[in-house]
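Since the structure comes first, as structure tokens, the remarks are kept for the end.
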Amino acid sequence: MATKKKKLPPVFEILRDNIVEHSNPLALNAKELSSWAKGLDLPAKGQTLYYTGGEYQLLPYIDSLVKTLTYVDPASNIFSWLMEARKIVNMTGINAEKIYASILAKDKERYFSINYQAATILKSLGYDLCYDGKNEIYSGALLYELGFWKDLKEYAKRVAKSIEMTEAKTIVCLSPHAADMFKNVYPTLVDFPEVEVKTFIEMVWEKRDLLPQIDYDKPVVIHDSCRMARELGISEEIRDILTSVGVSYIEPIRNKVWTTCCGGPSKMLFPEISKTVAERRINELSDTGSKKALISCPYCLSALQSGIAKDNDFVLDDIVEFLYRGYKA
Amino acid sequence: MSDLDLSKELSEYTKNLNKASKDPNINRAITRAVKAYRDTVETTMERHPHTPELAEEVRQIKEYSMKNNKELLERAMKSIEKNMGKAFYAKDKAEALRITNEIVGTGKTVVKGKSMLGEELQLRHSLEESGNEVWETDLGEFILQLKNDRPMHILSPAIHVPREQVAEIFTEFFKKEIPPDIAQEVAVVRDFLREKYFTADVGISGANVVAADTGQITIIENEGNVRLCTGAPPVHIALVGIEKLVPSFLDSMKVAEVTWRYAQYASPSYVNIISGPSKTGDIEKVTTYGAHGPKEFYVIFVDNGRTEMLNDPTCCRALDCLRCGGCMYECPVFQVTAGHYGRTYLSGIGSVWTSFVEGGVEEAAPMLYTCLRCGRCVERCPMKIDVPTMVGELRSKLVSD
Ligand code: SF4
């Protein structure tokens, strides 16, 4: 049977090519992605590898890309121009960051510094971290999601090498998606280094008694991330951590393994549906009466943010930002 | 064979999805339905706490049955023939329609119960093309037949049509004023269809499960329309997917109970068990067929891509699907778009089924990419069908071929 020729949406090819050629979905460069680590002096090698995967760093750019996808007619020139950003990167050597120009400095600052805050918290709990910003590459989760598994198998070798170079025995992932890739996906696809994979939440949970108390007298509501709760089986840990730092919490109507998706996974292809799903989840969270939700996944943070109406005073904190309050006080 | 421009397909499909997500009728209806589903399932499970354990047993029955499908099919066909019914095997849609049309003929009146397989085969359409008058007797499907619309949920096909709209449709069809009052809407259809059941030449149904050892088919329902469809006309044809086969009658009862429980019923109003044509031996002990019920009983087992699904190491377990509909209520995308996220088969599990029985991964592509892969359906599913992993595999198949 003759196979059909397939033309995929441009965003598929762009993301794939960027990951395969630039080790990052938006072709952002390693220097930029690791800029948050300045001043922390983390060694490039060590037992415990701190892994960001550049994921929080991607968020402000993804938002601007999504805005482009949502508001610019796919048939227009500007759309194809934006979709060709990668080629422009190759031709002119201009940073991709300059192309995705409509990023708010404030967003960028916020998402980049979550990496810094998480590393600071882990260090304060006594973990000796290493971080190889120059060689750290994206986890490859999007190749898996979009179905580019052939590319993923090749890419996995590079991820494996970048981890081996650090000589780490444990990887601490900030994003549950990266942890899921390392723990559940790669071992089924390739010969992946035998390292212990942990999330930031688990590392903090183990030493939660050492966390500083947090002065926040209203209850927060917890949004469990799908990957964290269902694939990684982590949900009680978040509750324990909050109890430890003296903060009360409320559960939304759907939580833990029954948590409601933030809508993030369809942000690229179905931005409007993604927004509607996010709005509904925000309603579930704010129906508890709490004014603040705690999030433990970069994509949830970004997706849910777009579900909050302008005049709504409901606030999302990454759990990293929230725990960091104890260090600022 | 034409090429696939996924970009273009997605663009049309996305417009439709976006529109659905802003439709206040869908929004109102699904919000109500989701709440009702969750509440009822919770109380039902409290009343019958053995259900999850029974579901686990059914998972094993299904696994065994699919591994031994060929053998069970042979056994079931023999059992049906022993019961004086007639059994057929149709390898694909064309064959299933050919066999059904040959039995029905032309110029007949047909009353039909709800069947997903019937939708997959576009059975009503085919019988109408052959010159028959066909009536959907499930209330939801009857509404959709008049509205010229397609089912938006596998159990509550007209989930998206509120009573006001039903009243408008009925007023036009019955040519008299029908108020937006549910009881009156139900009554008018009841009167209309009652006459059809008793004048129909053929009744058609699906089946929820089939026992290979006894050849008995089981159909779960609440309205009572299936009793009439399968009991009143002189001919009954049941179309059944080959995945519905289980070894024994007892197994089939277990499957049935789990199915209705997760479809939010403590107990459905009716469970129809049919093994053969109606018969009597009351006069001189001479067995005579067609006493009160059908004289002829036909079962058509349909493959149409199911064996291919069975041969796929990841997706084969999608054949365990009981069509309880639970996963759809928990799907965040289905909750805002209803059946617009799907074709015949809806939502995540539907994208897997579409990939095998309705045109391959190319046809299923927009659906496959709509899935969030969030995994909440797996929590709900009595068969623990790992839809996110299957969707991942099928996406990979789609882009890498
Ligand atoms: S996939 Fe599971 S939950 Fe969904 S309809 Fe099938 S059996 Fe029910």
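How things are named: the first chain in the structure tokens is A, the next is B, and so on; residues count from 1 in each chain; ligands count from 1 in the order shown.
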
Contacts of ligand 1, 12 Å or closer, only C-alpha atoms and all ligand atoms, given as a PDB file with N, CA, C and O atoms, in the first residue's frame:
```pdb
ATOM      1  N   ALA B  55     -14.201  -5.136  38.337  1.00  0.00           N
ATOM      2  CA  ALA B  55     -13.627  -4.535  37.121  1.00  0.00           C
ATOM      3  C   ALA B  55     -12.264  -5.154  36.830  1.00  0.00           C
ATOM      4  O   ALA B  55     -11.919  -5.422  35.676  1.00  0.00           O
ATOM      5  N   GLU B  56     -11.499  -5.382  37.876  1.00  0.00           N
ATOM      6  CA  GLU B  56     -10.179  -5.991  37.706  1.00  0.00           C
ATOM      7  C   GLU B  56     -10.331  -7.400  37.128  1.00  0.00           C
ATOM      8  O   GLU B  56      -9.599  -7.803  36.229  1.00  0.00           O
ATOM      9  N   VAL B  58     -12.786  -8.399  35.301  1.00  0.00           N
ATOM     10  CA  VAL B  58     -13.232  -8.240  33.916  1.00  0.00           C
ATOM     11  C   VAL B  58     -12.041  -7.909  33.002  1.00  0.00           C
ATOM     12  O   VAL B  58     -11.961  -8.369  31.860  1.00  0.00           O
ATOM     13  N   ARG B  59     -11.113  -7.120  33.529  1.00  0.00           N
ATOM     14  CA  ARG B  59      -9.890  -6.818  32.765  1.00  0.00           C
ATOM     15  C   ARG B  59      -9.195  -8.111  32.354  1.00  0.00           C
ATOM     16  O   ARG B  59      -8.724  -8.254  31.232  1.00  0.00           O
ATOM     17  N   LYS B  62     -11.204  -9.963  29.751  1.00  0.00           N
ATOM     18  CA  LYS B  62     -11.042  -9.320  28.445  1.00  0.00           C
ATOM     19  C   LYS B  62      -9.682  -9.669  27.838  1.00  0.00           C
ATOM     20  O   LYS B  62      -9.576  -9.920  26.638  1.00  0.00           O
ATOM     21  N   MET B 116     -22.975   1.652  18.733  1.00  0.00           N
ATOM     22  CA  MET B 116     -21.810   2.381  18.232  1.00  0.00           C
ATOM     23  C   MET B 116     -21.317   1.757  16.940  1.00  0.00           C
ATOM     24  O   MET B 116     -20.877   2.445  16.029  1.00  0.00           O
ATOM     25  N   HIS B 153     -22.166  12.016  22.410  1.00  0.00           N
ATOM     26  CA  HIS B 153     -21.624  11.215  23.507  1.00  0.00           C
ATOM     27  C   HIS B 153     -22.072   9.800  23.229  1.00  0.00           C
ATOM     28  O   HIS B 153     -23.159   9.595  22.695  1.00  0.00           O
ATOM     29  N   ILE B 154     -21.242   8.800  23.603  1.00  0.00           N
ATOM     30  CA  ILE B 154     -21.596   7.444  23.212  1.00  0.00           C
ATOM     31  C   ILE B 154     -22.812   6.922  23.971  1.00  0.00           C
ATOM     32  O   ILE B 154     -23.515   6.061  23.490  1.00  0.00           O
ATOM     33  N   LEU B 155     -23.068   7.443  25.163  1.00  0.00           N
ATOM     34  CA  LEU B 155     -24.235   6.974  25.910  1.00  0.00           C
ATOM     35  C   LEU B 155     -25.401   7.940  25.852  1.00  0.00           C
ATOM     36  O   LEU B 155     -26.557   7.556  25.857  1.00  0.00           O
ATOM     37  N   ASN B 208     -23.764  -5.608  24.113  1.00  0.00           N
ATOM     38  CA  ASN B 208     -22.678  -5.181  24.996  1.00  0.00           C
ATOM     39  C   ASN B 208     -21.644  -6.285  25.204  1.00  0.00           C
ATOM     40  O   ASN B 208     -20.477  -6.014  25.415  1.00  0.00           O
ATOM     41  N   VAL B 255     -19.000  -8.795  32.860  1.00  0.00           N
ATOM     42  CA  VAL B 255     -18.719  -7.668  31.965  1.00  0.00           C
ATOM     43  C   VAL B 255     -19.897  -6.698  31.980  1.00  0.00           C
ATOM     44  O   VAL B 255     -19.732  -5.478  32.072  1.00  0.00           O
ATOM     45  N   ALA B 256     -21.107  -7.262  31.932  1.00  0.00           N
ATOM     46  CA  ALA B 256     -22.298  -6.409  31.879  1.00  0.00           C
ATOM     47  C   ALA B 256     -22.417  -5.561  33.141  1.00  0.00           C
ATOM     48  O   ALA B 256     -22.640  -4.346  33.069  1.00  0.00           O
ATOM     49  N   VAL B 258     -20.100  -4.562  35.255  1.00  0.00           N
ATOM     50  CA  VAL B 258     -19.078  -3.505  35.300  1.00  0.00           C
ATOM     51  C   VAL B 258     -19.423  -2.403  34.292  1.00  0.00           C
ATOM     52  O   VAL B 258     -19.280  -1.213  34.579  1.00  0.00           O
ATOM     53  N   THR B 259     -19.906  -2.802  33.133  1.00  0.00           N
ATOM     54  CA  THR B 259     -20.251  -1.809  32.117  1.00  0.00           C
ATOM     55  C   THR B 259     -21.303  -0.843  32.638  1.00  0.00           C
ATOM     56  O   THR B 259     -21.143   0.373  32.589  1.00  0.00           O
ATOM     57  N   TRP B 260     -22.388  -1.376  33.154  1.00  0.00           N
ATOM     58  CA  TRP B 260     -23.456  -0.450  33.560  1.00  0.00           C
ATOM     59  C   TRP B 260     -23.063   0.356  34.788  1.00  0.00           C
ATOM     60  O   TRP B 260     -23.435   1.507  34.920  1.00  0.00           O
ATOM     61  N   ARG B 261     -22.281  -0.247  35.683  1.00  0.00           N
ATOM     62  CA  ARG B 261     -21.895   0.479  36.887  1.00  0.00           C
ATOM     63  C   ARG B 261     -21.068   1.711  36.534  1.00  0.00           C
ATOM     64  O   ARG B 261     -21.281   2.788  37.054  1.00  0.00           O
ATOM     65  N   TYR B 262     -20.109   1.546  35.615  1.00  0.00           N
ATOM     66  CA  TYR B 262     -19.275   2.701  35.231  1.00  0.00           C
ATOM     67  C   TYR B 262     -20.015   3.627  34.273  1.00  0.00           C
ATOM     68  O   TYR B 262     -19.580   4.737  34.020  1.00  0.00           O
ATOM     69  N   ALA B 263     -21.118   3.124  33.740  1.00  0.00           N
ATOM     70  CA  ALA B 263     -21.958   4.004  32.934  1.00  0.00           C
ATOM     71  C   ALA B 263     -22.972   4.693  33.849  1.00  0.00           C
ATOM     72  O   ALA B 263     -23.992   5.169  33.400  1.00  0.00           O
ATOM     73  N   GLN B 264     -22.705   4.714  35.107  1.00  0.00           N
ATOM     74  CA  GLN B 264     -23.417   5.386  36.196  1.00  0.00           C
ATOM     75  C   GLN B 264     -24.771   4.788  36.588  1.00  0.00           C
ATOM     76  O   GLN B 264     -25.609   5.471  37.142  1.00  0.00           O
ATOM     77  N   CYS B 315      -1.701  -0.851  21.352  1.00  0.00           N
ATOM     78  CA  CYS B 315      -3.107  -0.437  21.267  1.00  0.00           C
ATOM     79  C   CYS B 315      -4.095  -1.584  21.466  1.00  0.00           C
ATOM     80  O   CYS B 315      -5.301  -1.342  21.556  1.00  0.00           O
ATOM     81  N   ARG B 317      -4.989  -3.265  23.893  1.00  0.00           N
ATOM     82  CA  ARG B 317      -5.843  -3.200  25.076  1.00  0.00           C
ATOM     83  C   ARG B 317      -6.980  -2.193  24.936  1.00  0.00           C
ATOM     84  O   ARG B 317      -7.887  -2.149  25.774  1.00  0.00           O
ATOM     85  N   ALA B 318      -6.932  -1.383  23.889  1.00  0.00           N
ATOM     86  CA  ALA B 318      -8.059  -0.470  23.647  1.00  0.00           C
ATOM     87  C   ALA B 318      -9.316  -1.268  23.314  1.00  0.00           C
ATOM     88  O   ALA B 318     -10.435  -0.771  23.433  1.00  0.00           O
ATOM     89  N   LEU B 319      -9.121  -2.542  22.888  1.00  0.00           N
ATOM     90  CA  LEU B 319     -10.268  -3.397  22.583  1.00  0.00           C
ATOM     91  C   LEU B 319     -11.034  -3.791  23.849  1.00  0.00           C
ATOM     92  O   LEU B 319     -12.147  -4.293  23.771  1.00  0.00           O
ATOM     93  N   ASP B 320     -10.429  -3.554  25.006  1.00  0.00           N
ATOM     94  CA  ASP B 320     -11.119  -3.864  26.269  1.00  0.00           C
ATOM     95  C   ASP B 320     -12.239  -2.864  26.549  1.00  0.00           C
ATOM     96  O   ASP B 320     -13.036  -3.071  27.462  1.00  0.00           O
ATOM     97  N   CYS B 321     -12.250  -1.765  25.813  1.00  0.00           N
ATOM     98  CA  CYS B 321     -13.200  -0.678  26.106  1.00  0.00           C
ATOM     99  C   CYS B 321     -14.632  -1.204  26.206  1.00  0.00           C
ATOM    100  O   CYS B 321     -15.123  -1.888  25.315  1.00  0.00           O
ATOM    101  N   LEU B 322     -15.284  -0.872  27.306  1.00  0.00           N
ATOM    102  CA  LEU B 322     -16.654  -1.328  27.542  1.00  0.00           C
ATOM    103  C   LEU B 322     -17.678  -0.321  27.040  1.00  0.00           C
ATOM    104  O   LEU B 322     -18.876  -0.541  27.142  1.00  0.00           O
ATOM    105  N   ARG B 323     -17.193   0.834  26.568  1.00  0.00           N
ATOM    106  CA  ARG B 323     -18.066   1.928  26.134  1.00  0.00           C
ATOM    107  C   ARG B 323     -18.966   2.405  27.272  1.00  0.00           C
ATOM    108  O   ARG B 323     -20.156   2.639  27.079  1.00  0.00           O
ATOM    109  N   CYS B 324     -18.346   2.516  28.434  1.00  0.00           N
ATOM    110  CA  CYS B 324     -19.122   3.013  29.565  1.00  0.00           C
ATOM    111  C   CYS B 324     -19.224   4.523  29.508  1.00  0.00           C
ATOM    112  O   CYS B 324     -20.108   5.122  30.116  1.00  0.00           O
ATOM    113  N   GLY B 325     -18.296   5.160  28.795  1.00  0.00           N
ATOM    114  CA  GLY B 325     -18.356   6.608  28.619  1.00  0.00           C
ATOM    115  C   GLY B 325     -17.755   7.406  29.760  1.00  0.00           C
ATOM    116  O   GLY B 325     -17.716   8.639  29.705  1.00  0.00           O
ATOM    117  N   GLY B 326     -17.275   6.724  30.786  1.00  0.00           N
ATOM    118  CA  GLY B 326     -16.750   7.429  31.962  1.00  0.00           C
ATOM    119  C   GLY B 326     -15.609   8.377  31.641  1.00  0.00           C
ATOM    120  O   GLY B 326     -15.560   9.507  32.127  1.00  0.00           O
ATOM    121  N   CYS B 327     -14.688   7.900  30.781  1.00  0.00           N
ATOM    122  CA  CYS B 327     -13.500   8.710  30.482  1.00  0.00           C
ATOM    123  C   CYS B 327     -13.876  10.054  29.876  1.00  0.00           C
ATOM    124  O   CYS B 327     -13.208  11.055  30.091  1.00  0.00           O
ATOM    125  N   MET B 328     -14.949  10.079  29.096  1.00  0.00           N
ATOM    126  CA  MET B 328     -15.311  11.317  28.413  1.00  0.00           C
ATOM    127  C   MET B 328     -15.706  12.403  29.396  1.00  0.00           C
ATOM    128  O   MET B 328     -15.389  13.564  29.218  1.00  0.00           O
ATOM    129  N   TYR B 329     -16.403  11.985  30.459  1.00  0.00           N
ATOM    130  CA  TYR B 329     -16.800  12.974  31.455  1.00  0.00           C
ATOM    131  C   TYR B 329     -15.591  13.564  32.161  1.00  0.00           C
ATOM    132  O   TYR B 329     -15.640  14.658  32.692  1.00  0.00           O
ATOM    133  N   GLU B 330     -14.494  12.805  32.207  1.00  0.00           N
ATOM    134  CA  GLU B 330     -13.300  13.299  32.895  1.00  0.00           C
ATOM    135  C   GLU B 330     -12.312  13.982  31.959  1.00  0.00           C
ATOM    136  O   GLU B 330     -11.301  14.504  32.390  1.00  0.00           O
ATOM    137  N   CYS B 331     -12.585  13.968  30.675  1.00  0.00           N
ATOM    138  CA  CYS B 331     -11.643  14.561  29.717  1.00  0.00           C
ATOM    139  C   CYS B 331     -11.838  16.081  29.658  1.00  0.00           C
ATOM    140  O   CYS B 331     -12.915  16.556  29.315  1.00  0.00           O
ATOM    141  N   PHE B 334     -13.040  17.164  26.144  1.00  0.00           N
ATOM    142  CA  PHE B 334     -14.421  16.728  25.880  1.00  0.00           C
ATOM    143  C   PHE B 334     -15.405  17.589  26.675  1.00  0.00           C
ATOM    144  O   PHE B 334     -16.489  17.928  26.199  1.00  0.00           O
ATOM    145  N   TYR B 345     -16.259   7.587  17.141  1.00  0.00           N
ATOM    146  CA  TYR B 345     -15.693   7.340  18.464  1.00  0.00           C
ATOM    147  C   TYR B 345     -15.068   8.634  18.961  1.00  0.00           C
ATOM    148  O   TYR B 345     -14.389   9.325  18.198  1.00  0.00           O
ATOM    149  N   LEU B 346     -15.322   8.924  20.240  1.00  0.00           N
ATOM    150  CA  LEU B 346     -15.003  10.260  20.720  1.00  0.00           C
ATOM    151  C   LEU B 346     -13.869  10.275  21.738  1.00  0.00           C
ATOM    152  O   LEU B 346     -13.569   9.271  22.381  1.00  0.00           O
ATOM    153  N   SER B 347     -13.271  11.413  21.859  1.00  0.00           N
ATOM    154  CA  SER B 347     -12.212  11.741  22.825  1.00  0.00           C
ATOM    155  C   SER B 347     -10.980  10.838  22.655  1.00  0.00           C
ATOM    156  O   SER B 347     -10.775  10.266  21.587  1.00  0.00           O
ATOM    157  N   GLY B 348     -10.165  10.731  23.710  1.00  0.00           N
ATOM    158  CA  GLY B 348      -8.879  10.025  23.583  1.00  0.00           C
ATOM    159  C   GLY B 348      -9.026   8.587  23.126  1.00  0.00           C
ATOM    160  O   GLY B 348      -8.407   8.159  22.141  1.00  0.00           O
ATOM    161  N   ILE B 349      -9.873   7.824  23.800  1.00  0.00           N
ATOM    162  CA  ILE B 349     -10.070   6.427  23.413  1.00  0.00           C
ATOM    163  C   ILE B 349     -10.619   6.380  21.984  1.00  0.00           C
ATOM    164  O   ILE B 349     -10.267   5.504  21.195  1.00  0.00           O
ATOM    165  N   GLY B 350     -11.427   7.361  21.647  1.00  0.00           N
ATOM    166  CA  GLY B 350     -11.986   7.440  20.296  1.00  0.00           C
ATOM    167  C   GLY B 350     -10.909   7.650  19.250  1.00  0.00           C
ATOM    168  O   GLY B 350     -11.004   7.135  18.134  1.00  0.00           O
ATOM    169  N   SER B 351      -9.865   8.400  19.602  1.00  0.00           N
ATOM    170  CA  SER B 351      -8.810   8.633  18.616  1.00  0.00           C
ATOM    171  C   SER B 351      -8.060   7.324  18.341  1.00  0.00           C
ATOM    172  O   SER B 351      -7.615   7.083  17.222  1.00  0.00           O
ATOM    173  N   VAL B 352      -7.955   6.471  19.356  1.00  0.00           N
ATOM    174  CA  VAL B 352      -7.295   5.182  19.154  1.00  0.00           C
ATOM    175  C   VAL B 352      -8.181   4.303  18.256  1.00  0.00           C
ATOM    176  O   VAL B 352      -7.717   3.720  17.273  1.00  0.00           O
ATOM    177  N   TRP B 353      -9.462   4.245  18.569  1.00  0.00           N
ATOM    178  CA  TRP B 353     -10.388   3.435  17.760  1.00  0.00           C
ATOM    179  C   TRP B 353     -10.461   3.944  16.320  1.00  0.00           C
ATOM    180  O   TRP B 353     -10.443   3.155  15.383  1.00  0.00           O
ATOM    181  N   GLY B 375      -4.013  12.034  31.140  1.00  0.00           N
ATOM    182  CA  GLY B 375      -4.111  10.751  31.838  1.00  0.00           C
ATOM    183  C   GLY B 375      -5.249  10.605  32.841  1.00  0.00           C
ATOM    184  O   GLY B 375      -5.333   9.586  33.509  1.00  0.00           O
ATOM    185  N   ARG B 376      -6.130  11.603  32.944  1.00  0.00           N
ATOM    186  CA  ARG B 376      -7.195  11.436  33.938  1.00  0.00           C
ATOM    187  C   ARG B 376      -8.189  10.356  33.507  1.00  0.00           C
ATOM    188  O   ARG B 376      -8.820   9.707  34.340  1.00  0.00           O
ATOM    189  N   CYS B 377      -8.309  10.136  32.192  1.00  0.00           N
ATOM    190  CA  CYS B 377      -9.210   9.089  31.708  1.00  0.00           C
ATOM    191  C   CYS B 377      -8.799   7.718  32.250  1.00  0.00           C
ATOM    192  O   CYS B 377      -9.645   6.870  32.508  1.00  0.00           O
ATOM    193  N   VAL B 378      -7.485   7.531  32.402  1.00  0.00           N
ATOM    194  CA  VAL B 378      -7.003   6.228  32.868  1.00  0.00           C
ATOM    195  C   VAL B 378      -7.466   5.981  34.308  1.00  0.00           C
ATOM    196  O   VAL B 378      -7.789   4.854  34.687  1.00  0.00           O
ATOM    197  N   GLU B 379      -7.495   7.050  35.089  1.00  0.00           N
ATOM    198  CA  GLU B 379      -7.968   6.922  36.471  1.00  0.00           C
ATOM    199  C   GLU B 379      -9.423   6.464  36.493  1.00  0.00           C
ATOM    200  O   GLU B 379      -9.843   5.686  37.321  1.00  0.00           O
ATOM    201  N   ARG B 380     -10.207   7.009  35.566  1.00  0.00           N
ATOM    202  CA  ARG B 380     -11.638   6.700  35.533  1.00  0.00           C
ATOM    203  C   ARG B 380     -11.922   5.326  34.956  1.00  0.00           C
ATOM    204  O   ARG B 380     -12.875   4.662  35.357  1.00  0.00           O
ATOM    205  N   CYS B 381     -11.129   4.934  33.991  1.00  0.00           N
ATOM    206  CA  CYS B 381     -11.460   3.764  33.171  1.00  0.00           C
ATOM    207  C   CYS B 381     -11.469   2.466  33.981  1.00  0.00           C
ATOM    208  O   CYS B 381     -10.478   2.119  34.614  1.00  0.00           O
ATOM    209  N   PRO B 382     -12.567   1.726  33.949  1.00  0.00           N
ATOM    210  CA  PRO B 382     -12.605   0.459  34.673  1.00  0.00           C
ATOM    211  C   PRO B 382     -11.592  -0.543  34.112  1.00  0.00           C
ATOM    212  O   PRO B 382     -11.157  -1.449  34.815  1.00  0.00           O
ATOM    213  N   MET B 383     -11.229  -0.371  32.841  1.00  0.00           N
ATOM    214  CA  MET B 383     -10.287  -1.288  32.208  1.00  0.00           C
ATOM    215  C   MET B 383      -8.860  -0.732  32.235  1.00  0.00           C
ATOM    216  O   MET B 383      -7.952  -1.331  31.674  1.00  0.00           O
ATOM    217  N   LYS B 384      -8.690   0.444  32.849  1.00  0.00           N
ATOM    218  CA  LYS B 384      -7.365   1.085  32.973  1.00  0.00           C
ATOM    219  C   LYS B 384      -6.655   1.166  31.617  1.00  0.00           C
ATOM    220  O   LYS B 384      -5.447   0.895  31.498  1.00  0.00           O
ATOM    221  N   ILE B 385      -7.407   1.518  30.607  1.00  0.00           N
ATOM    222  CA  ILE B 385      -6.821   1.600  29.267  1.00  0.00           C
ATOM    223  C   ILE B 385      -5.879   2.809  29.221  1.00  0.00           C
ATOM    224  O   ILE B 385      -6.291   3.930  29.512  1.00  0.00           O
ATOM    225  N   ASP B 386      -4.622   2.553  28.850  1.00  0.00           N
ATOM    226  CA  ASP B 386      -3.606   3.600  28.894  1.00  0.00           C
ATOM    227  C   ASP B 386      -3.645   4.428  27.605  1.00  0.00           C
ATOM    228  O   ASP B 386      -2.760   4.341  26.752  1.00  0.00           O
ATOM    229  N   VAL B 387      -4.681   5.220  27.488  1.00  0.00           N
ATOM    230  CA  VAL B 387      -4.877   6.019  26.279  1.00  0.00           C
ATOM    231  C   VAL B 387      -3.685   6.954  25.981  1.00  0.00           C
ATOM    232  O   VAL B 387      -3.234   7.017  24.837  1.00  0.00           O
ATOM    233  N   PRO B 388      -3.127   7.656  26.976  1.00  0.00           N
ATOM    234  CA  PRO B 388      -2.017   8.566  26.643  1.00  0.00           C
ATOM    235  C   PRO B 388      -0.845   7.866  25.954  1.00  0.00           C
ATOM    236  O   PRO B 388      -0.278   8.398  24.998  1.00  0.00           O
ATOM    237  N   MET B 390      -1.005   5.087  24.193  1.00  0.00           N
ATOM    238  CA  MET B 390      -1.439   4.684  22.850  1.00  0.00           C
ATOM    239  C   MET B 390      -1.418   5.879  21.900  1.00  0.00           C
ATOM    240  O   MET B 390      -0.976   5.780  20.753  1.00  0.00           O
TER     241      MET B 390
END
```

I want to know what sits within 10 Å of Phe356 (chain B), based on only C-alpha atoms, with residues of the same chain fewer than 4 positions away left out; could you give that as a PDB file with N, CA and C atoms, in the first residue's frame?
```pdb
ATOM      1  N   ASN B 304     -13.665  -5.368  10.886  1.00  0.00           N
ATOM      2  CA  ASN B 304     -13.436  -3.985  10.459  1.00  0.00           C
ATOM      3  C   ASN B 304     -12.282  -3.297  11.204  1.00  0.00           C
ATOM      4  N   GLY B 305     -11.108  -3.885  11.166  1.00  0.00           N
ATOM      5  CA  GLY B 305      -9.931  -3.240  11.766  1.00  0.00           C
ATOM      6  C   GLY B 305      -9.594  -3.702  13.167  1.00  0.00           C
ATOM      7  N   ARG B 306     -10.505  -4.480  13.768  1.00  0.00           N
ATOM      8  CA  ARG B 306     -10.258  -4.895  15.152  1.00  0.00           C
ATOM      9  C   ARG B 306      -9.086  -5.873  15.273  1.00  0.00           C
ATOM     10  N   THR B 307      -8.962  -6.773  14.281  1.00  0.00           N
ATOM     11  CA  THR B 307      -7.838  -7.711  14.348  1.00  0.00           C
ATOM     12  C   THR B 307      -6.522  -6.961  14.206  1.00  0.00           C
ATOM     13  N   GLU B 308      -6.542  -5.932  13.373  1.00  0.00           N
ATOM     14  CA  GLU B 308      -5.331  -5.118  13.234  1.00  0.00           C
ATOM     15  C   GLU B 308      -4.986  -4.464  14.577  1.00  0.00           C
ATOM     16  N   MET B 309      -6.012  -3.992  15.260  1.00  0.00           N
ATOM     17  CA  MET B 309      -5.790  -3.375  16.570  1.00  0.00           C
ATOM     18  C   MET B 309      -5.231  -4.421  17.541  1.00  0.00           C
ATOM     19  N   LEU B 310      -5.782  -5.608  17.444  1.00  0.00           N
ATOM     20  CA  LEU B 310      -5.348  -6.691  18.316  1.00  0.00           C
ATOM     21  C   LEU B 310      -3.878  -7.025  18.097  1.00  0.00           C
ATOM     22  N   ASP B 312      -1.569  -4.926  17.357  1.00  0.00           N
ATOM     23  CA  ASP B 312      -0.703  -3.815  17.765  1.00  0.00           C
ATOM     24  C   ASP B 312      -0.382  -3.984  19.254  1.00  0.00           C
ATOM     25  N   CYS B 315      -1.701  -0.851  21.352  1.00  0.00           N
ATOM     26  CA  CYS B 315      -3.107  -0.437  21.267  1.00  0.00           C
ATOM     27  C   CYS B 315      -4.095  -1.584  21.466  1.00  0.00           C
ATOM     28  N   SER B 351      -9.865   8.400  19.602  1.00  0.00           N
ATOM     29  CA  SER B 351      -8.810   8.633  18.616  1.00  0.00           C
ATOM     30  C   SER B 351      -8.060   7.324  18.341  1.00  0.00           C
ATOM     31  N   VAL B 352      -7.955   6.471  19.356  1.00  0.00           N
ATOM     32  CA  VAL B 352      -7.295   5.182  19.154  1.00  0.00           C
ATOM     33  C   VAL B 352      -8.181   4.303  18.256  1.00  0.00           C
ATOM     34  N   GLY B 360      -7.642   4.853   9.673  1.00  0.00           N
ATOM     35  CA  GLY B 360      -6.214   4.909   9.977  1.00  0.00           C
ATOM     36  C   GLY B 360      -5.784   6.177  10.686  1.00  0.00           C
ATOM     37  N   VAL B 361      -4.479   6.225  11.008  1.00  0.00           N
ATOM     38  CA  VAL B 361      -3.965   7.360  11.779  1.00  0.00           C
ATOM     39  C   VAL B 361      -4.135   8.688  11.049  1.00  0.00           C
ATOM     40  N   GLU B 363      -6.692   9.701   9.288  1.00  0.00           N
ATOM     41  CA  GLU B 363      -8.022  10.211   9.596  1.00  0.00           C
ATOM     42  C   GLU B 363      -8.112  10.647  11.054  1.00  0.00           C
ATOM     43  N   ALA B 364      -7.394   9.936  11.892  1.00  0.00           N
ATOM     44  CA  ALA B 364      -7.483  10.214  13.327  1.00  0.00           C
ATOM     45  C   ALA B 364      -6.568  11.359  13.751  1.00  0.00           C
TER      46      ALA B 364
END
```

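In this comparison, which uses only C-alpha atoms, the residue of A:Lys161, A:Lys45, A:His177, A:Lys169 approaching chain B most closely is A:His177.
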
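Excluding Ala168 (chain A) itself and any same-chain residue fewer than 3 positions from it, the protein and nucleic acid residues within 9 Å of it, counting only C-alpha atoms, are Lys45, Gly46, Gln47, Thr48, Leu49, Cys130, Ile163, Glu164, Met165, Ile171 and Val195 of chain A.
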